[in-house]
Amino acid sequence: MFDIGRELVGELENTIQEIYDFSKMPLESNLTLSECKDYWDQQFNDYFDQNLDDVLVIDGSEMNGIQNLLGGREVVDTGNDRELSKEEKIDKQEKELASVESGEKQFDKKNTHETGNYGEMKTDQYLREKAYERISKDMVTDIDETGHQGLDGVYYNPEGKPQYIIVDSKYGSAQLNLETKDGKQMSDNWIDNRLDKAVGKEKADEIRMEKLTNPDNVGSYVSHVDAEGNVKLDKLDGDANVIEKDVNI
């Protein structure tokens, strides 16, 4: 199987077009144009069957009309230049957690970067099991992944109580930051200044409106993840003070 970069797409299109241009030229005086085209179609198919294992692979999503020229031949995107789908990210995260927890992949529990990533992934997994969908960006899928700033996770479940959950994940004995330029971490002001980046302006405004009209439908929590991977949620008030421990969502 060949991996053809996007820089070769134009050249490939030209080659394919040349083959079809030849199909317009009679090969023998007793062949019709239609028969010539059928002949070149077969030559084209035989070439790809023998040389490309019947599959054309192109980096990225810019096919530039090649799929049409291929007449239905399967075209596979290698995914090197594309964003993973939500389902692919979840699958990757689940496999990473399984690898870490089985000991197949090393996990340094003294490394705050790795423990932070592990905590976020376990919180994602825990809330998925509670039928909450992660709607915030920057899902962590690798224990070694570069950390990100801002909200750890925003989740939604139309049947949930509350429907929207905003969470900061802490591993082990880690605690919320009491002093930031926007006030205490996970306070209403701190969350509001990071909500647009986490979910986009439109969704952030929906959450703000829901909090104004139905305050019980939006909740903020701190997630505590222990060394065994157990997750417990503490509910917070607008000042990021714990008002209920070990909440059952």
# chains A, B, ... in the order shown; residues from 1 in each chain; ligands from 1
>>> residues_around(residues="Lys161 in chain A", least_positions_apart="6", cutoff="9 Å", atoms="only C-alpha atoms", output="PyMOL selection string")
chain A and resi 216-219+249
>>> closest_atom_pairs(of="range 107-136 of chain A", to="range 224-248 of chain A", cutoff="10 Å", atoms="only C-alpha atoms", output="JSON lines")
{"residue": "A:Lys109", "atom": "CA", "partner": "A:Ala227", "partner_atom": "CA", "distance": 8.0}
{"residue": "A:Thr115", "atom": "CA", "partner": "A:Ala227", "partner_atom": "CA", "distance": 9.2}
{"residue": "A:Gly116", "atom": "CA", "partner": "A:Val225", "partner_atom": "CA", "distance": 9.6}
{"residue": "A:Tyr118", "atom": "CA", "partner": "A:Gly229", "partner_atom": "CA", "distance": 8.5}
{"residue": "A:Gly119", "atom": "CA", "partner": "A:Val225", "partner_atom": "CA", "distance": 5.7}
{"residue": "A:Glu120", "atom": "CA", "partner": "A:Val225", "partner_atom": "CA", "distance": 8.7}
{"residue": "A:Met121", "atom": "CA", "partner": "A:Gly229", "partner_atom": "CA", "distance": 9.9}
{"residue": "A:Lys122", "atom": "CA", "partner": "A:Gly229", "partner_atom": "CA", "distance": 6.8}
{"residue": "A:Thr123", "atom": "CA", "partner": "A:Val231", "partner_atom": "CA", "distance": 6.7}
{"residue": "A:Gln125", "atom": "CA", "partner": "A:Val231", "partner_atom": "CA", "distance": 9.6}
{"residue": "A:Tyr126", "atom": "CA", "partner": "A:Val231", "partner_atom": "CA", "distance": 7.0}
{"residue": "A:Leu127", "atom": "CA", "partner": "A:Val231", "partner_atom": "CA", "distance": 9.6}
{"residue": "A:Lys130", "atom": "CA", "partner": "A:Asn248", "partner_atom": "CA", "distance": 9.9}
>>> atom_distance(atom1="CA of Ile90 in chain A", atom2="CA of Asp144 in chain A")
16.5 Å
>>> atom_distance(atom1="CA of Lys170 in chain A", atom2="CA of Ser223 in chain A")
5.9 Å
>>> closest_residue(among="A:Asp108, A:Glu87, A:Asp138, A:Glu101", to="Ala198 in chain A", atoms="only C-alpha atoms")
A:Asp138
>>> closest_residue(among="A:Pro158, A:Gly153, A:Gly147, A:Gly103", to="Val222 in chain A", atoms="only C-alpha atoms")
A:Gly153
>>> atom_distance(atom1="CA of Tyr164 in chain A", atom2="CA of Ser85 in chain A")
21.8 Å
>>> residues_around(residues="Trp190 in chain A", least_positions_apart="2", cutoff="10 Å", atoms="only C-alpha atoms", output="PyMOL selection string")
chain A and resi 150-151+180-188+192-195+238-240
>>> write_last_selection(atoms="C-alpha atoms", output="PDB file, in the first residue's frame")
ATOM      1  CA  GLY A 150      -8.148  26.244  31.697  1.00  0.00           C
ATOM      2  CA  LEU A 151     -11.154  24.068  32.450  1.00  0.00           C
ATOM      3  CA  THR A 180      -5.309  33.237  40.580  1.00  0.00           C
ATOM      4  CA  LYS A 181      -5.788  36.523  38.726  1.00  0.00           C
ATOM      5  CA  ASP A 182      -9.477  35.580  38.360  1.00  0.00           C
ATOM      6  CA  GLY A 183      -9.969  34.509  41.953  1.00  0.00           C
ATOM      7  CA  LYS A 184     -10.072  31.019  43.399  1.00  0.00           C
ATOM      8  CA  GLN A 185      -9.849  28.186  40.903  1.00  0.00           C
ATOM      9  CA  MET A 186     -13.340  26.864  39.994  1.00  0.00           C
ATOM     10  CA  SER A 187     -15.127  29.929  41.384  1.00  0.00           C
ATOM     11  CA  ASP A 188     -17.878  31.333  39.139  1.00  0.00           C
ATOM     12  CA  ASP A 192     -16.710  32.161  33.265  1.00  0.00           C
ATOM     13  CA  ASN A 193     -13.392  33.563  32.024  1.00  0.00           C
ATOM     14  CA  ARG A 194     -12.456  30.151  30.611  1.00  0.00           C
ATOM     15  CA  LEU A 195     -15.778  28.809  29.375  1.00  0.00           C
ATOM     16  CA  GLY A 238     -19.949  29.927  43.439  1.00  0.00           C
ATOM     17  CA  ASP A 239     -16.876  30.683  45.555  1.00  0.00           C
ATOM     18  CA  ALA A 240     -15.430  27.205  44.923  1.00  0.00           C
TER      19      ALA A 240
END
>>> select_by_dssp(residues="range 160-247 of chain A", states="alpha helix (DSSP H)", output="MDAnalysis selection string")
chainID A and resid 188:199 201:213
>>> select_by_dssp(residues="range 191-235 of chain A", states="strand (DSSP E)", output="ChimeraX atom specification")
/A:218-225,231-235
